[in-house]
file structure.pdb (PDB, N, CA and C atoms)
ATOM      1  N   VAL P   1       0.847  -1.182   0.000
ATOM      2  CA  VAL P   1       0.000   0.000   0.000
ATOM      3  C   VAL P   1       0.884   1.233   0.000
ATOM      4  N   SER P   2       0.645   2.126  -0.923
ATOM      5  CA  SER P   2       1.370   3.392  -0.936
ATOM      6  C   SER P   2       0.430   4.507  -0.515
ATOM      7  N   PHE P   3       1.004   5.574  -0.065
ATOM      8  CA  PHE P   3       0.236   6.740   0.333
ATOM      9  C   PHE P   3       0.650   7.893  -0.558
ATOM     10  N   ASP P   4      -0.310   8.437  -1.306
ATOM     11  CA  ASP P   4      -0.041   9.499  -2.258
ATOM     12  C   ASP P   4      -0.835  10.749  -1.912
ATOM     13  N   THR P   5      -0.287  11.891  -2.326
ATOM     14  CA  THR P   5      -1.011  13.147  -2.208
ATOM     15  C   THR P   5      -2.029  13.222  -3.341
ATOM     16  N   PRO P   6      -2.956  14.151  -3.290
ATOM     17  CA  PRO P   6      -3.900  14.309  -4.410
ATOM     18  C   PRO P   6      -3.194  14.589  -5.739
ATOM     19  N   GLU P   7      -1.989  15.165  -5.675
ATOM     20  CA  GLU P   7      -1.219  15.446  -6.894
ATOM     21  C   GLU P   7      -0.495  14.206  -7.407
ATOM     22  N   GLY P   8      -0.564  13.081  -6.667
ATOM     23  CA  GLY P   8       0.087  11.849  -7.091
ATOM     24  C   GLY P   8       1.481  11.653  -6.537
ATOM     25  N   ARG P   9       1.925  12.507  -5.641
ATOM     26  CA  ARG P   9       3.262  12.386  -5.058
ATOM     27  C   ARG P   9       3.245  11.339  -3.941
ATOM     28  N   THR P  10       4.144  10.368  -4.043
ATOM     29  CA  THR P  10       4.225   9.340  -3.023
ATOM     30  C   THR P  10       4.753   9.940  -1.738
ATOM     31  N   VAL P  11       4.032   9.694  -0.672
ATOM     32  CA  VAL P  11       4.428  10.230   0.621
ATOM     33  C   VAL P  11       5.232   9.205   1.400
ATOM     34  N   GLY P  12       4.724   8.022   1.581
ATOM     35  CA  GLY P  12       5.439   6.991   2.327
ATOM     36  C   GLY P  12       4.558   6.349   3.367
ATOM     37  N   VAL P  13       5.186   5.882   4.427
ATOM     38  CA  VAL P  13       4.455   5.184   5.488
ATOM     39  C   VAL P  13       4.543   5.913   6.820
ATOM     40  N   GLY P  14       5.068   7.116   6.820
ATOM     41  CA  GLY P  14       5.131   7.911   8.047
ATOM     42  C   GLY P  14       5.911   7.217   9.139
ATOM     43  N   ARG P  15       5.305   7.113  10.314
ATOM     44  CA  ARG P  15       5.957   6.498  11.465
ATOM     45  C   ARG P  15       5.555   5.039  11.647
ATOM     46  N   ALA P  16       4.830   4.460  10.673
ATOM     47  CA  ALA P  16       4.352   3.083  10.812
ATOM     48  C   ALA P  16       5.505   2.084  10.927
ATOM     49  N   THR P  17       6.631   2.363  10.276
ATOM     50  CA  THR P  17       7.786   1.475  10.329
ATOM     51  C   THR P  17       9.053   2.246   9.997
ATOM     52  N   ARG P  18      10.169   1.811  10.583
ATOM     53  CA  ARG P  18      11.463   2.433  10.310
ATOM     54  C   ARG P  18      11.994   2.002   8.947
ATOM     55  N   ASN P  19      11.755   0.742   8.609
ATOM     56  CA  ASN P  19      12.283   0.186   7.360
ATOM     57  C   ASN P  19      11.328   0.456   6.205
ATOM     58  N   PRO P  20      11.827   1.084   5.144
ATOM     59  CA  PRO P  20      10.959   1.363   4.002
ATOM     60  C   PRO P  20      10.474   0.057   3.364
ATOM     61  N   PRO P  21       9.182  -0.030   3.053
ATOM     62  CA  PRO P  21       8.709  -1.201   2.325
ATOM     63  C   PRO P  21       9.335  -1.223   0.923
ATOM     64  N   ALA P  22       9.268  -2.374   0.283
ATOM     65  CA  ALA P  22       9.924  -2.551  -1.016
ATOM     66  C   ALA P  22       9.476  -1.514  -2.037
ATOM     67  N   TRP P  23       8.175  -1.175  -2.079
ATOM     68  CA  TRP P  23       7.691  -0.213  -3.070
ATOM     69  C   TRP P  23       8.305   1.164  -2.847
ATOM     70  N   LEU P  24       8.498   1.561  -1.577
ATOM     71  CA  LEU P  24       9.073   2.870  -1.273
ATOM     72  C   LEU P  24      10.572   2.863  -1.567
ATOM     73  N   ARG P  25      11.237   1.781  -1.238
ATOM     74  CA  ARG P  25      12.665   1.646  -1.554
ATOM     75  C   ARG P  25      12.888   1.776  -3.071
ATOM     76  N   ARG P  26      12.059   1.083  -3.856
ATOM     77  CA  ARG P  26      12.174   1.171  -5.321
ATOM     78  C   ARG P  26      11.946   2.600  -5.797
ATOM     79  N   ARG P  27      10.971   3.282  -5.195
ATOM     80  CA  ARG P  27      10.672   4.655  -5.607
ATOM     81  C   ARG P  27      11.834   5.591  -5.321
ATOM     82  N   VAL P  28      12.446   5.470  -4.131
ATOM     83  CA  VAL P  28      13.575   6.333  -3.761
ATOM     84  C   VAL P  28      14.779   6.029  -4.652
ATOM     85  N   ILE P  29      15.069   4.767  -4.867
ATOM     86  CA  ILE P  29      16.198   4.400  -5.728
ATOM     87  C   ILE P  29      15.961   4.884  -7.155
ATOM     88  N   GLY P  30      14.713   4.786  -7.629
ATOM     89  CA  GLY P  30      14.380   5.300  -8.955
ATOM     90  C   GLY P  30      14.541   6.807  -9.037
ATOM     91  N   ARG P  31      14.083   7.505  -8.010
ATOM     92  CA  ARG P  31      14.213   8.968  -7.980
ATOM     93  C   ARG P  31      15.677   9.377  -8.032
ATOM     94  N   ASP P  32      16.516   8.614  -7.316
ATOM     95  CA  ASP P  32      17.943   8.928  -7.253
ATOM     96  C   ASP P  32      18.740   8.245  -8.358
ATOM     97  N   HIS P  33      18.040   7.633  -9.302
ATOM     98  CA  HIS P  33      18.655   6.948 -10.450
ATOM     99  C   HIS P  33      19.699   5.916 -10.012
ATOM    100  N   GLY P  34      19.474   5.323  -8.825
ATOM    101  CA  GLY P  34      20.349   4.268  -8.327
ATOM    102  C   GLY P  34      21.694   4.751  -7.823
ATOM    103  N   ARG P  35      21.895   6.061  -7.762
ATOM    104  CA  ARG P  35      23.193   6.640  -7.409
ATOM    105  C   ARG P  35      23.119   7.451  -6.124
ATOM    106  N   CYS P  36      24.201   7.394  -5.352
ATOM    107  CA  CYS P  36      24.328   8.136  -4.101
ATOM    108  C   CYS P  36      24.032   9.612  -4.335
ATOM    109  N   ARG P  37      23.267  10.205  -3.427
ATOM    110  CA  ARG P  37      22.906  11.620  -3.547
ATOM    111  C   ARG P  37      24.002  12.570  -3.088
ATOM    112  N   TRP P  38      25.083  12.047  -2.532
ATOM    113  CA  TRP P  38      26.175  12.917  -2.104
ATOM    114  C   TRP P  38      26.778  13.564  -3.345
ATOM    115  N   PRO P  39      26.856  14.887  -3.389
ATOM    116  CA  PRO P  39      27.373  15.558  -4.582
ATOM    117  C   PRO P  39      28.755  15.037  -4.983
ATOM    118  N   GLY P  40      28.873  14.678  -6.264
ATOM    119  CA  GLY P  40      30.138  14.208  -6.810
ATOM    120  C   GLY P  40      30.408  12.728  -6.612
ATOM    121  N   CYS P  41      29.543  11.999  -5.927
ATOM    122  CA  CYS P  41      29.805  10.587  -5.654
ATOM    123  C   CYS P  41      29.391   9.712  -6.836
ATOM    124  N   GLY P  42      28.116   9.505  -7.019
ATOM    125  CA  GLY P  42      27.637   8.710  -8.141
ATOM    126  C   GLY P  42      27.758   7.206  -7.988
ATOM    127  N   ARG P  43      28.219   6.724  -6.828
ATOM    128  CA  ARG P  43      28.304   5.282  -6.618
ATOM    129  C   ARG P  43      26.923   4.715  -6.336
ATOM    130  N   ALA P  44      26.794   3.418  -6.451
ATOM    131  CA  ALA P  44      25.498   2.762  -6.268
ATOM    132  C   ALA P  44      24.974   2.934  -4.843
ATOM    133  N   ILE P  45      23.679   3.142  -4.738
ATOM    134  CA  ILE P  45      23.032   3.254  -3.426
ATOM    135  C   ILE P  45      23.144   1.927  -2.695
ATOM    136  N   ARG P  46      23.558   2.006  -1.438
ATOM    137  CA  ARG P  46      23.609   0.822  -0.579
ATOM    138  C   ARG P  46      22.681   0.960   0.625
ATOM    139  N   HIS P  47      22.408   2.194   1.039
ATOM    140  CA  HIS P  47      21.529   2.433   2.190
ATOM    141  C   HIS P  47      20.567   3.561   1.873
ATOM    142  N   LEU P  48      19.420   3.551   2.545
ATOM    143  CA  LEU P  48      18.525   4.695   2.535
ATOM    144  C   LEU P  48      18.654   5.354   3.900
ATOM    145  N   HIS P  49      18.926   6.640   3.897
ATOM    146  CA  HIS P  49      19.151   7.394   5.128
ATOM    147  C   HIS P  49      17.960   8.292   5.413
ATOM    148  N   HIS P  50      17.447   8.221   6.653
ATOM    149  CA  HIS P  50      16.413   9.156   7.122
ATOM    150  C   HIS P  50      17.100  10.488   7.426
ATOM    151  N   MET P  51      16.780  11.541   6.698
ATOM    152  CA  MET P  51      17.407  12.843   6.957
ATOM    153  C   MET P  51      17.019  13.355   8.339
ATOM    154  N   GLN P  52      15.737  13.297   8.667
ATOM    155  CA  GLN P  52      15.335  13.503  10.062
ATOM    156  C   GLN P  52      15.311  12.098  10.628
ATOM    157  N   HIS P  53      16.253  11.809  11.510
ATOM    158  CA  HIS P  53      16.438  10.446  11.987
ATOM    159  C   HIS P  53      15.158   9.857  12.560
ATOM    160  N   TRP P  54      14.999   8.563  12.349
ATOM    161  CA  TRP P  54      13.843   7.830  12.863
ATOM    162  C   TRP P  54      13.716   8.020  14.372
ATOM    163  N   THR P  55      14.843   7.977  15.072
ATOM    164  CA  THR P  55      14.824   8.112  16.536
ATOM    165  C   THR P  55      14.413   9.515  16.982
ATOM    166  N   ASP P  56      14.450  10.482  16.064
ATOM    167  CA  ASP P  56      14.005  11.848  16.349
ATOM    168  C   ASP P  56      12.651  12.120  15.700
ATOM    169  N   ASP P  57      11.831  11.070  15.599
ATOM    170  CA  ASP P  57      10.486  11.147  15.028
ATOM    171  C   ASP P  57      10.456  11.413  13.529
ATOM    172  N   GLY P  58      11.535  11.070  12.823
ATOM    173  CA  GLY P  58      11.560  11.226  11.369
ATOM    174  C   GLY P  58      10.669  10.203  10.692
ATOM    175  N   PRO P  59       9.913  10.625   9.689
ATOM    176  CA  PRO P  59       9.028   9.698   8.992
ATOM    177  C   PRO P  59       9.769   8.867   7.939
ATOM    178  N   THR P  60       9.213   7.730   7.644
ATOM    179  CA  THR P  60       9.722   6.898   6.551
ATOM    180  C   THR P  60       8.925   7.285   5.310
ATOM    181  N   ASP P  61       9.254   8.437   4.783
ATOM    182  CA  ASP P  61       8.606   9.014   3.613
ATOM    183  C   ASP P  61       9.670   9.342   2.579
ATOM    184  N   ALA P  62       9.293   9.335   1.309
ATOM    185  CA  ALA P  62      10.244   9.600   0.233
ATOM    186  C   ALA P  62      10.982  10.921   0.431
ATOM    187  N   ALA P  63      10.291  11.954   0.860
ATOM    188  CA  ALA P  63      10.908  13.272   1.025
ATOM    189  C   ALA P  63      11.936  13.293   2.147
ATOM    190  N   ASN P  64      11.923  12.293   3.028
ATOM    191  CA  ASN P  64      12.857  12.229   4.152
ATOM    192  C   ASN P  64      13.928  11.158   3.956
ATOM    193  N   LEU P  65      13.911  10.462   2.840
ATOM    194  CA  LEU P  65      14.873   9.388   2.582
ATOM    195  C   LEU P  65      15.797   9.751   1.432
ATOM    196  N   MET P  66      17.087   9.573   1.657
ATOM    197  CA  MET P  66      18.056   9.793   0.587
ATOM    198  C   MET P  66      18.895   8.542   0.407
ATOM    199  N   GLY P  67      19.192   8.214  -0.840
ATOM    200  CA  GLY P  67      20.040   7.072  -1.134
ATOM    201  C   GLY P  67      21.505   7.461  -0.986
ATOM    202  N   VAL P  68      22.257   6.620  -0.260
ATOM    203  CA  VAL P  68      23.681   6.905  -0.054
ATOM    204  C   VAL P  68      24.525   5.643  -0.239
ATOM    205  N   TRP P  69      25.773   5.860  -0.580
ATOM    206  CA  TRP P  69      26.762   4.802  -0.690
ATOM    207  C   TRP P  69      27.308   4.507   0.696
ATOM    208  N   LEU P  70      27.969   3.383   0.870
ATOM    209  CA  LEU P  70      28.482   2.927   2.166
ATOM    210  C   LEU P  70      29.326   3.970   2.900
ATOM    211  N   TYR P  71      30.195   4.665   2.215
ATOM    212  CA  TYR P  71      31.109   5.615   2.850
ATOM    213  C   TYR P  71      30.371   6.825   3.426
ATOM    214  N   HIS P  72      29.316   7.276   2.750
ATOM    215  CA  HIS P  72      28.649   8.511   3.168
ATOM    216  C   HIS P  72      27.661   8.322   4.312
ATOM    217  N   HIS P  73      27.117   7.137   4.465
ATOM    218  CA  HIS P  73      26.139   6.932   5.541
ATOM    219  C   HIS P  73      26.747   7.196   6.925
ATOM    220  N   PRO P  74      27.932   6.670   7.257
ATOM    221  CA  PRO P  74      28.513   6.979   8.572
ATOM    222  C   PRO P  74      28.819   8.468   8.773
ATOM    223  N   LEU P  75      29.115   9.187   7.694
ATOM    224  CA  LEU P  75      29.361  10.630   7.845
ATOM    225  C   LEU P  75      28.117  11.334   8.379
ATOM    226  N   LEU P  76      26.953  10.814   8.005
ATOM    227  CA  LEU P  76      25.692  11.412   8.440
ATOM    228  C   LEU P  76      25.298  10.979   9.850
ATOM    229  N   HIS P  77      25.862   9.892  10.333
ATOM    230  CA  HIS P  77      25.528   9.420  11.681
ATOM    231  C   HIS P  77      26.601   9.771  12.701
ATOM    232  N   GLU P  78      27.849   9.457  12.373
ATOM    233  CA  GLU P  78      28.933   9.682  13.335
ATOM    234  C   GLU P  78      29.883  10.801  12.926
ATOM    235  N   GLY P  79      29.811  11.240  11.675
ATOM    236  CA  GLY P  79      30.774  12.208  11.172
ATOM    237  C   GLY P  79      30.406  13.662  11.337
ATOM    238  N   GLY P  80      29.237  13.938  11.888
ATOM    239  CA  GLY P  80      28.854  15.322  12.142
ATOM    240  C   GLY P  80      28.171  16.032  10.991
ATOM    241  N   TRP P  81      28.021  15.370   9.835
ATOM    242  CA  TRP P  81      27.310  15.974   8.714
ATOM    243  C   TRP P  81      25.809  15.892   8.966
ATOM    244  N   THR P  82      25.062  16.865   8.443
ATOM    245  CA  THR P  82      23.609  16.824   8.493
ATOM    246  C   THR P  82      23.051  16.933   7.080
ATOM    247  N   ALA P  83      21.881  16.351   6.899
ATOM    248  CA  ALA P  83      21.164  16.452   5.627
ATOM    249  C   ALA P  83      19.777  16.986   5.944
ATOM    250  N   THR P  84      19.394  18.052   5.257
ATOM    251  CA  THR P  84      18.078  18.652   5.457
ATOM    252  C   THR P  84      17.440  18.915   4.100
ATOM    253  N   GLY P  85      16.177  19.272   4.123
ATOM    254  CA  GLY P  85      15.471  19.605   2.894
ATOM    255  C   GLY P  85      14.438  18.568   2.543
ATOM    256  N   ASP P  86      14.046  18.574   1.289
ATOM    257  CA  ASP P  86      13.075  17.650   0.735
ATOM    258  C   ASP P  86      13.815  16.820  -0.303
ATOM    259  N   ALA P  87      14.014  15.536  -0.024
ATOM    260  CA  ALA P  87      14.796  14.688  -0.920
ATOM    261  C   ALA P  87      14.170  14.576  -2.307
ATOM    262  N   ASP P  88      12.870  14.839  -2.432
ATOM    263  CA  ASP P  88      12.241  14.835  -3.752
ATOM    264  C   ASP P  88      12.583  16.099  -4.538
ATOM    265  N   ALA P  89      13.175  17.076  -3.895
ATOM    266  CA  ALA P  89      13.545  18.334  -4.556
ATOM    267  C   ALA P  89      15.042  18.604  -4.351
ATOM    268  N   GLU P  90      15.415  19.135  -3.184
ATOM    269  CA  GLU P  90      16.818  19.475  -2.923
ATOM    270  C   GLU P  90      17.208  19.091  -1.508
ATOM    271  N   ILE P  91      18.368  18.470  -1.404
ATOM    272  CA  ILE P  91      18.969  18.128  -0.115
ATOM    273  C   ILE P  91      20.117  19.097   0.122
ATOM    274  N   VAL P  92      20.204  19.606   1.347
ATOM    275  CA  VAL P  92      21.322  20.455   1.753
ATOM    276  C   VAL P  92      22.143  19.665   2.766
ATOM    277  N   LEU P  93      23.402  19.403   2.419
ATOM    278  CA  LEU P  93      24.331  18.693   3.294
ATOM    279  C   LEU P  93      25.256  19.716   3.928
ATOM    280  N   THR P  94      25.378  19.664   5.242
ATOM    281  CA  THR P  94      26.205  20.626   5.971
ATOM    282  C   THR P  94      27.237  19.878   6.797
ATOM    283  N   SER P  95      28.498  20.265   6.635
ATOM    284  CA  SER P  95      29.589  19.617   7.357
ATOM    285  C   SER P  95      29.670  20.152   8.782
ATOM    286  N   PRO P  96      30.458  19.484   9.637
ATOM    287  CA  PRO P  96      30.644  19.996  10.995
ATOM    288  C   PRO P  96      31.262  21.396  11.017
ATOM    289  N   ARG P  97      31.958  21.769   9.940
ATOM    290  CA  ARG P  97      32.579  23.102   9.838
ATOM    291  C   ARG P  97      31.742  24.063   9.001
ATOM    292  N   HIS P  98      30.487  23.679   8.774
ATOM    293  CA  HIS P  98      29.489  24.521   8.095
ATOM    294  C   HIS P  98      29.703  24.663   6.595
ATOM    295  N   ARG P  99      30.452  23.753   5.981
ATOM    296  CA  ARG P  99      30.536  23.717   4.524
ATOM    297  C   ARG P  99      29.206  23.180   4.011
ATOM    298  N   VAL P 100      28.659  23.798   2.982
ATOM    299  CA  VAL P 100      27.346  23.422   2.471
ATOM    300  C   VAL P 100      27.474  22.845   1.059
ATOM    301  N   LEU P 101      26.867  21.674   0.868
ATOM    302  CA  LEU P 101      26.762  21.035  -0.442
ATOM    303  C   LEU P 101      25.283  20.858  -0.745
ATOM    304  N   ARG P 102      24.922  20.919  -2.008
ATOM    305  CA  ARG P 102      23.513  20.754  -2.393
ATOM    306  C   ARG P 102      23.371  19.633  -3.423
ATOM    307  N   SER P 103      22.274  18.911  -3.306
ATOM    308  CA  SER P 103      21.971  17.821  -4.224
ATOM    309  C   SER P 103      20.522  17.931  -4.660
ATOM    310  N   ARG P 104      20.312  18.163  -5.958
ATOM    311  CA  ARG P 104      18.953  18.261  -6.487
ATOM    312  C   ARG P 104      18.545  16.920  -7.070
ATOM    313  N   ALA P 105      17.291  16.548  -6.839
ATOM    314  CA  ALA P 105      16.757  15.318  -7.406
ATOM    315  C   ALA P 105      16.504  15.535  -8.897
ATOM    316  N   GLY P 106      16.797  14.502  -9.669
ATOM    317  CA  GLY P 106      16.470  14.539 -11.079
ATOM    318  C   GLY P 106      15.042  14.072 -11.274
ATOM    319  N   PRO P 107      14.581  14.043 -12.511
ATOM    320  CA  PRO P 107      13.224  13.534 -12.753
ATOM    321  C   PRO P 107      13.167  12.047 -12.388
ATOM    322  N   LEU P 108      11.986  11.605 -11.967
ATOM    323  CA  LEU P 108      11.818  10.197 -11.622
ATOM    324  C   LEU P 108      12.127   9.326 -12.837
ATOM    325  N   ALA P 109      12.837   8.233 -12.588
ATOM    326  CA  ALA P 109      13.126   7.283 -13.643
ATOM    327  C   ALA P 109      11.824   6.598 -14.065
ATOM    328  N   ALA P 110      11.674   6.358 -15.325
ATOM    329  CA  ALA P 110      10.438   5.713 -15.818
ATOM    330  C   ALA P 110      10.433   4.238 -15.514
TER
END

call {"tool": "encode", "arguments": {"input": "structure.pdb", "output": "structure tokens"}}
result
Amino acid sequence: VSFDTPEGRTVGVGRATRNPPAWLRRRVIGRDHGRCRWPGCGRAIRHLHHMQHWTDDGPTDAANLMGVWLYHHPLLHEGGWTATGDADAEIVLTSPRHRVLRSRAGPLAA
């Protein structure tokens, strides 16, 4: 079961579960064209990261999930980097020293 807005935008499952169901995982990977959203990376997605962490009441929704490669996921958990924004539009990555990187979503893969 997917949850969509009246405009047809997939929302997700909210707080019902931490782990994205298969349909949501496919949608996020398709949106990110199978590639890590970290600017300049382009490696294959290995994890989906909750930008607002699940433990901080972050929803399991497409707009809160970004695809990342193995190296970048720990930077977001233990490395002091933060990711904010709407993953369906633009993600803003901020380093512990306040360096800002931006990642815009491309059109959904068909």

call {"tool": "resolve_selection", "arguments": {"input": "structure.pdb", "expression": "the PyMOL selection byres (((chain P and resi 40-44 and name CA) around 10) and name CA)", "output": "PyMOL selection string"}}
result
chain P and resi 29+32-39+45-47+67-72+101+103

call {"tool": "atom_distance", "arguments": {"input": "structure.pdb", "atom1": "CA of Arg18 (chain P)", "atom2": "CA of His98 (chain P)"}}
result
28.6 Å

call {"tool": "resolve_selection", "arguments": {"input": "structure.pdb", "expression": "the PyMOL selection byres (((chain P and resi 65 and name CA) around 7) and name CA)", "output": "VMD selection string"}}
result
chain P and resid 48 to 51 60 to 64 66 to 67 87

call {"tool": "atom_distance", "arguments": {"input": "structure.pdb", "atom1": "atom N of Gly14 (chain P)", "atom2": "CA of Gly58 (chain P)"}}
result
8.9 Å

call {"tool": "closest_residue", "arguments": {"input": "structure.pdb", "among": "P:Arg99, P:Asp56, P:Pro107, P:Thr84", "to": "Arg27 (chain P)", "atoms": "only C-alpha atoms"}}
result
P:Pro107

call {"tool": "residues_around", "arguments": {"input": "structure.pdb", "residues": "Thr82 (chain P)", "least_positions_apart": "6", "cutoff": "8 Å", "atoms": "only N, CA and C atoms", "output": "PyMOL selection string"}}
result
chain P and resi 51+75-76+91-96

call {"tool": "select_by_dssp", "arguments": {"input": "structure.pdb", "residues": "chain P", "states": "strand (DSSP E or B)", "output": "ChimeraX atom specification"}}
result
/P:4,10,12,35,44,47-50,61,65-68,82-86,90-94,100-104

call {"tool": "select_by_dssp", "arguments": {"input": "structure.pdb", "residues": "chain P", "states": "helix (DSSP H, G or I)", "output": "ChimeraX atom specification"}}
result
/P:22-31,54-56,62-64,72-77

call {"tool": "atom_distance", "arguments": {"input": "structure.pdb", "atom1": "atom N of Leu24 (chain P)", "atom2": "atom C of Gly12 (chain P)"}}
result
7.9 Å

call {"tool": "closest_residue", "arguments": {"input": "structure.pdb", "among": "P:Ala105, P:Ala22, P:Val100, P:Val13", "to": "Asp86 (chain P)", "atoms": "all atoms listed in the file"}}
result
P:Ala105

call {"tool": "closest_residue", "arguments": {"input": "structure.pdb", "among": "P:Arg102, P:Arg25, P:Arg31, P:His73", "to": "Glu90 (chain P)", "atoms": "all atoms listed in the file"}}
result
P:Arg102

call {"tool": "build_atoms", "arguments": {"input": "structure.pdb", "residues": "region 11-19 of chain P", "atoms": "all heavy atoms", "output": "tab-separated table (two decimals), in the frame of the given file"}}
result
chain	number	residue	atom	x	y	z
P	11	VAL	N	4.03	9.69	-0.67
P	11	VAL	CA	4.43	10.23	0.62
P	11	VAL	C	5.23	9.20	1.40
P	11	VAL	O	6.32	9.48	1.85
P	11	VAL	CB	3.19	10.68	1.43
P	11	VAL	CG1	3.59	11.14	2.82
P	11	VAL	CG2	2.45	11.78	0.70
P	12	GLY	N	4.72	8.02	1.58
P	12	GLY	CA	5.44	6.99	2.33
P	12	GLY	C	4.56	6.35	3.37
P	12	GLY	O	3.34	6.31	3.23
P	13	VAL	N	5.19	5.88	4.43
P	13	VAL	CA	4.46	5.18	5.49
P	13	VAL	C	4.54	5.91	6.82
P	13	VAL	O	4.14	5.39	7.85
P	13	VAL	CB	4.94	3.72	5.63
P	13	VAL	CG1	4.62	2.93	4.38
P	13	VAL	CG2	6.42	3.64	5.96
P	14	GLY	N	5.07	7.12	6.82
P	14	GLY	CA	5.13	7.91	8.05
P	14	GLY	C	5.91	7.22	9.14
P	14	GLY	O	7.03	6.76	8.93
P	15	ARG	N	5.30	7.11	10.31
P	15	ARG	CA	5.96	6.50	11.46
P	15	ARG	C	5.56	5.04	11.65
P	15	ARG	O	5.87	4.42	12.65
P	15	ARG	CB	5.62	7.29	12.72
P	15	ARG	CG	6.12	8.72	12.71
P	15	ARG	CD	7.57	8.88	13.02
P	15	ARG	NE	7.89	8.26	14.30
P	15	ARG	CZ	9.10	7.83	14.64
P	15	ARG	NH1	10.10	7.95	13.80
P	15	ARG	NH2	9.32	7.30	15.81
P	16	ALA	N	4.83	4.46	10.67
P	16	ALA	CA	4.35	3.08	10.81
P	16	ALA	C	5.50	2.08	10.93
P	16	ALA	O	5.38	1.08	11.61
P	16	ALA	CB	3.45	2.70	9.64
P	17	THR	N	6.63	2.36	10.28
P	17	THR	CA	7.79	1.48	10.33
P	17	THR	C	9.05	2.25	10.00
P	17	THR	O	9.02	3.21	9.23
P	17	THR	CB	7.64	0.27	9.36
P	17	THR	OG1	8.79	-0.57	9.47
P	17	THR	CG2	7.48	0.71	7.93
P	18	ARG	N	10.17	1.81	10.58
P	18	ARG	CA	11.46	2.43	10.31
P	18	ARG	C	11.99	2.00	8.95
P	18	ARG	O	12.63	2.75	8.23
P	18	ARG	CB	12.46	2.03	11.40
P	18	ARG	CG	13.85	2.58	11.18
P	18	ARG	CD	14.78	2.09	12.31
P	18	ARG	NE	16.12	2.55	12.09
P	18	ARG	CZ	17.03	1.89	11.37
P	18	ARG	NH1	16.73	0.75	10.80
P	18	ARG	NH2	18.23	2.39	11.22
P	19	ASN	N	11.76	0.74	8.61
P	19	ASN	CA	12.28	0.19	7.36
P	19	ASN	C	11.33	0.46	6.20
P	19	ASN	O	10.16	0.09	6.28
P	19	ASN	CB	12.50	-1.32	7.51
P	19	ASN	CG	13.55	-1.62	8.55
P	19	ASN	OD1	14.60	-1.01	8.57
P	19	ASN	ND2	13.25	-2.54	9.45
